[in-house]
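Printed here is protein-v3.cif (mmCIF, C-alpha atoms):
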```
data_work
loop_
_atom_site.group_PDB
_atom_site.id
_atom_site.type_symbol
_atom_site.label_atom_id
_atom_site.label_comp_id
_atom_site.auth_asym_id
_atom_site.auth_seq_id
_atom_site.Cartn_x
_atom_site.Cartn_y
_atom_site.Cartn_z
ATOM 1 C CA MET A 19 46.317 46.321 131.779
ATOM 2 C CA SER A 20 47.194 45.464 135.344
ATOM 3 C CA ARG A 21 45.479 42.714 137.255
ATOM 4 C CA LYS A 22 43.602 43.782 140.354
ATOM 5 C CA LEU A 23 42.667 41.886 143.492
ATOM 6 C CA VAL A 24 40.163 42.920 146.139
ATOM 7 C CA ALA A 25 41.176 41.133 149.347
ATOM 8 C CA TYR A 26 39.071 41.707 152.430
ATOM 9 C CA PHE A 27 38.473 40.735 156.046
ATOM 10 C CA SER A 28 34.907 41.079 157.261
ATOM 11 C CA ALA A 29 33.805 40.358 160.805
ATOM 12 C CA SER A 30 30.105 41.104 160.365
ATOM 13 C CA GLY A 31 29.486 41.044 156.608
ATOM 14 C CA VAL A 32 29.533 44.817 156.023
ATOM 15 C CA THR A 33 33.054 44.919 154.584
ATOM 16 C CA ALA A 34 32.285 41.809 152.501
ATOM 17 C CA LYS A 35 29.387 43.637 150.831
ATOM 18 C CA VAL A 36 31.547 46.658 149.943
ATOM 19 C CA ALA A 37 34.376 44.371 148.730
ATOM 20 C CA GLU A 38 32.001 42.436 146.477
ATOM 21 C CA THR A 39 30.599 45.666 145.034
ATOM 22 C CA LEU A 40 34.111 47.056 144.464
ATOM 23 C CA SER A 41 35.244 43.831 142.783
ATOM 24 C CA GLU A 42 32.245 43.902 140.429
ATOM 25 C CA ALA A 43 32.618 47.637 139.731
ATOM 26 C CA ILE A 44 36.279 47.465 138.676
ATOM 27 C CA GLY A 45 36.466 43.923 137.306
ATOM 28 C CA ALA A 46 38.858 42.667 139.985
ATOM 29 C CA ASP A 47 39.260 39.215 141.467
ATOM 30 C CA LEU A 48 37.873 38.765 144.991
ATOM 31 C CA TYR A 49 39.555 37.053 147.958
ATOM 32 C CA GLU A 50 38.332 36.737 151.551
ATOM 33 C CA ILE A 51 40.976 36.934 154.277
ATOM 34 C CA GLU A 52 39.689 34.374 156.744
ATOM 35 C CA PRO A 53 40.998 33.995 160.285
ATOM 36 C CA GLU A 54 42.302 30.530 161.173
ATOM 37 C CA VAL A 55 40.026 30.731 164.228
ATOM 38 C CA PRO A 56 36.775 32.512 163.295
ATOM 39 C CA TYR A 57 35.717 35.424 165.489
ATOM 40 C CA THR A 58 32.642 34.916 167.651
ATOM 41 C CA LYS A 59 30.281 37.680 168.735
ATOM 42 C CA ALA A 60 31.966 37.611 172.168
ATOM 43 C CA ASP A 61 35.404 37.909 170.515
ATOM 44 C CA LEU A 62 34.256 41.102 168.802
ATOM 45 C CA ASP A 63 32.840 42.791 171.916
ATOM 46 C CA TRP A 64 35.013 45.911 171.987
ATOM 47 C CA THR A 65 33.523 46.929 175.365
ATOM 48 C CA ASP A 66 35.008 43.808 177.003
ATOM 49 C CA LYS A 67 38.659 44.383 177.929
ATOM 50 C CA GLN A 68 39.198 40.604 177.846
ATOM 51 C CA SER A 69 37.639 39.957 174.440
ATOM 52 C CA ARG A 70 39.859 38.493 171.750
ATOM 53 C CA SER A 71 39.672 41.582 169.528
ATOM 54 C CA THR A 72 40.510 43.932 172.406
ATOM 55 C CA ILE A 73 43.506 41.832 173.465
ATOM 56 C CA GLU A 74 44.759 41.628 169.847
ATOM 57 C CA MET A 75 44.334 45.349 169.204
ATOM 58 C CA ASN A 76 46.099 46.274 172.444
ATOM 59 C CA ASP A 77 49.197 44.361 171.277
ATOM 60 C CA PRO A 78 50.843 46.031 168.261
ATOM 61 C CA ALA A 79 52.828 42.836 167.596
ATOM 62 C CA SER A 80 49.692 40.676 167.415
ATOM 63 C CA ARG A 81 49.363 38.830 164.108
ATOM 64 C CA PRO A 82 46.235 36.633 164.143
ATOM 65 C CA ALA A 83 46.685 33.564 161.975
ATOM 66 C CA ILE A 84 44.907 33.417 158.628
ATOM 67 C CA ALA A 85 43.288 30.257 157.275
ATOM 68 C CA GLY A 86 45.058 30.224 153.917
ATOM 69 C CA LYS A 87 47.036 32.139 151.314
ATOM 70 C CA ARG A 88 46.197 33.420 147.866
ATOM 71 C CA ASP A 89 48.316 31.103 145.727
ATOM 72 C CA ASN A 90 48.712 33.465 142.762
ATOM 73 C CA MET A 91 49.512 36.773 144.479
ATOM 74 C CA ASP A 92 52.377 37.330 142.025
ATOM 75 C CA ASP A 93 49.766 37.772 139.276
ATOM 76 C CA TYR A 94 48.445 41.028 140.764
ATOM 77 C CA ASP A 95 49.861 44.528 140.361
ATOM 78 C CA THR A 96 47.208 46.287 142.450
ATOM 79 C CA VAL A 97 45.724 44.948 145.674
ATOM 80 C CA PHE A 98 42.759 46.641 147.327
ATOM 81 C CA VAL A 99 42.660 45.569 150.975
ATOM 82 C CA GLY A 100 39.355 45.942 152.818
ATOM 83 C CA PHE A 101 38.615 45.776 156.522
ATOM 84 C CA PRO A 102 36.421 47.165 159.280
ATOM 85 C CA ILE A 103 37.997 49.941 161.362
ATOM 86 C CA TRP A 104 38.925 48.632 164.817
ATOM 87 C CA TRP A 105 40.302 51.092 167.361
ATOM 88 C CA TYR A 106 40.839 53.672 164.581
ATOM 89 C CA VAL A 107 43.106 51.332 162.574
ATOM 90 C CA ALA A 108 43.006 48.154 160.492
ATOM 91 C CA PRO A 109 42.623 44.899 162.460
ATOM 92 C CA HIS A 110 46.011 43.192 162.902
ATOM 93 C CA ILE A 111 44.897 40.283 160.705
ATOM 94 C CA ILE A 112 45.416 42.710 157.788
ATOM 95 C CA ASN A 113 49.084 43.001 158.779
ATOM 96 C CA THR A 114 49.242 39.183 158.864
ATOM 97 C CA PHE A 115 47.849 39.063 155.326
ATOM 98 C CA LEU A 116 50.204 41.724 153.933
ATOM 99 C CA GLU A 117 53.269 40.211 155.625
ATOM 100 C CA SER A 118 52.480 36.808 154.074
ATOM 101 C CA TYR A 119 53.540 37.926 150.583
ATOM 102 C CA ASP A 120 56.339 39.614 148.688
ATOM 103 C CA LEU A 121 54.644 42.891 147.798
ATOM 104 C CA THR A 122 57.600 44.398 145.955
ATOM 105 C CA GLY A 123 56.396 46.581 143.100
ATOM 106 C CA LYS A 124 52.706 46.251 143.961
ATOM 107 C CA THR A 125 50.281 49.060 144.728
ATOM 108 C CA ILE A 126 48.306 48.498 147.948
ATOM 109 C CA ILE A 127 45.089 50.459 148.388
ATOM 110 C CA PRO A 128 43.220 50.100 151.685
ATOM 111 C CA PHE A 129 39.485 50.641 152.013
ATOM 112 C CA ALA A 130 37.435 50.292 155.141
ATOM 113 C CA THR A 131 33.988 50.262 156.635
ATOM 114 C CA SER A 132 33.130 51.991 159.869
ATOM 115 C CA GLY A 133 30.202 52.931 162.011
ATOM 116 C CA GLY A 134 31.465 56.477 162.261
ATOM 117 C CA SER A 135 35.228 56.890 162.287
ATOM 118 C CA GLY A 136 37.603 57.624 159.422
ATOM 119 C CA MET A 137 40.742 55.716 158.415
ATOM 120 C CA GLY A 138 42.503 56.927 161.563
ATOM 121 C CA LYS A 139 46.121 55.752 161.580
ATOM 122 C CA SER A 140 45.460 52.758 159.321
ATOM 123 C CA ASN A 141 48.051 53.660 156.670
ATOM 124 C CA GLU A 142 50.663 54.508 159.287
ATOM 125 C CA LYS A 143 50.135 51.125 160.982
ATOM 126 C CA LEU A 144 50.015 49.192 157.681
ATOM 127 C CA MET A 145 53.120 50.812 156.130
ATOM 128 C CA PRO A 146 55.657 48.507 157.869
ATOM 129 C CA SER A 147 53.746 45.482 156.519
ATOM 130 C CA CYS A 148 53.950 46.743 152.905
ATOM 131 C CA THR A 149 57.689 46.387 152.300
ATOM 132 C CA GLY A 150 58.576 47.222 148.710
ATOM 133 C CA ALA A 151 55.027 48.280 147.806
ATOM 134 C CA LYS A 152 53.424 51.636 147.155
ATOM 135 C CA LEU A 153 50.760 52.204 149.836
ATOM 136 C CA ILE A 154 48.071 54.660 148.778
ATOM 137 C CA GLU A 155 45.918 56.561 151.297
ATOM 138 C CA GLY A 156 42.728 54.637 151.934
ATOM 139 C CA LYS A 157 39.089 55.608 152.249
ATOM 140 C CA VAL A 158 36.124 54.614 154.412
ATOM 141 C CA PHE A 159 32.845 53.549 152.827
ATOM 142 C CA ASN A 160 29.439 52.707 154.255
ATOM 143 C CA HIS A 161 27.549 49.463 153.740
ATOM 144 C CA ASN A 162 25.436 50.704 150.835
ATOM 145 C CA THR A 163 28.123 52.349 148.701
ATOM 146 C CA SER A 164 27.193 52.063 145.023
ATOM 147 C CA HIS A 165 29.124 50.709 142.032
ATOM 148 C CA GLU A 166 29.258 54.254 140.699
ATOM 149 C CA GLU A 167 30.761 55.712 143.887
ATOM 150 C CA LEU A 168 33.414 52.987 144.033
ATOM 151 C CA THR A 169 34.244 53.312 140.333
ATOM 152 C CA ALA A 170 34.598 57.101 140.705
ATOM 153 C CA TRP A 171 36.926 56.607 143.697
ATOM 154 C CA VAL A 172 39.139 54.142 141.823
ATOM 155 C CA ASP A 173 39.190 56.354 138.715
ATOM 156 C CA GLY A 174 40.279 59.264 140.911
ATOM 157 C CA LEU A 175 43.268 57.268 142.190
ATOM 158 C CA HIS A 176 44.870 57.336 138.712
ATOM 159 C CA ILE A 177 46.474 53.918 139.175
#
```
As a first step, turn the structure in this file into structure tokens.
Amino acid sequence: MSRKLVAYFSASGVTAKVAETLSEAIGADLYEIEPEVPYTKADLDWTDKQSRSTIEMNDPASRPAIAGKRDNMDDYDTVFVGFPIWWYVAPHIINTFLESYDLTGKTIIPFATSGGSGMGKSNEKLMPSCTGAKLIEGKVFNHNTSHEELTAWVDGLHI
């Protein structure tokens, strides 16, 4: 049996809720990807062209620093990576997280939360950060997704 990790970044708590439910549903360990400098409400104002999130998302090379690393990443075969959709892709802090580890031989499965958009180009933008890993197409969930829905999704992946 492979060991699974649910790693997630949550700016407002919505992705955290889905990640916790997924972790419980599939019996996976849970890890929060925390920014070194926490995001404020002003940082997350996507309507402000000078907000931190807007500046980061407008720079494809942006890699916001994370507060720490999972010390036993080698123990996991499958890593579910959760995030809110920002500008139709994963926030760049997800690239920071993925690029912090040797992912060779691992299966990476993104999942996201969104107020209305799909995964957009998330996989395309995450692929370069998943060197040596198998990146599976991700899926968007809403804040009240059930254990049963998440279990059915994972079972359908045939991992």
Please build the interface table for segment 60-81 of chain A against segment 145-148 of chain A with a cut-off of 12 Å, listing for each qualifying residue the nearest atom pair and the distance in Å to one decimal; count all atoms listed in the file, order rows by chain and increasing number, and write it as CSV.
```
residue,atom,partner,partner_atom,distance
A:Pro78,CA,A:Pro146,CA,11.7
A:Ala79,CA,A:Ser147,CA,11.4
A:Arg81,CA,A:Ser147,CA,11.0
```
Contacts of segment 55-82 of chain A with segment 19-35 of chain A up to 12 Å, shortest pair per row, only C-alpha atoms, as CSV:
```
residue,atom,partner,partner_atom,distance
A:Val55,CA,A:Ala29,CA,12.0
A:Pro56,CA,A:Ala29,CA,8.8
A:Tyr57,CA,A:Ala29,CA,7.1
A:Thr58,CA,A:Ala29,CA,8.8
A:Lys59,CA,A:Ser30,CA,9.0
A:Ala60,CA,A:Ala29,CA,11.8
A:Asp61,CA,A:Ala29,CA,10.1
A:Leu62,CA,A:Ala29,CA,8.0
A:Asp63,CA,A:Ala29,CA,11.4
A:Ser71,CA,A:Ala29,CA,10.6
A:Pro82,CA,A:Phe27,CA,11.9
```
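Applied to the file shown here, the PyMOL selection byres ((chain A and resi 106) around 10) selects Pro102, Ile103, Trp104, Trp105, Val107, Ala108, Pro109, Ser132, Ser135, Gly136, Met137, Gly138, Lys139 and Ser140 of chain A.
Within the file as shown, the PyMOL selection byres ((chain A and resi 98) around 7) identifies Leu23, Val24, Ala25, Thr96, Val97, Val99, Gly100, Ile126, Ile127, Pro128 and Phe129 of chain A.
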Test item: residues at most 7 Å from segment 162-176 of chain A, all atoms listed in the file, excluding those fewer than 6 positions along its chain, as number ranges by chain: A: 36, 39-40, 43-44
Protein, DNA and RNA residues within 8 Å of (49.4, 43.3, 154.5), only C-alpha atoms, as a PyMOL selection string: chain A and resi 99+112-119+144+147-148
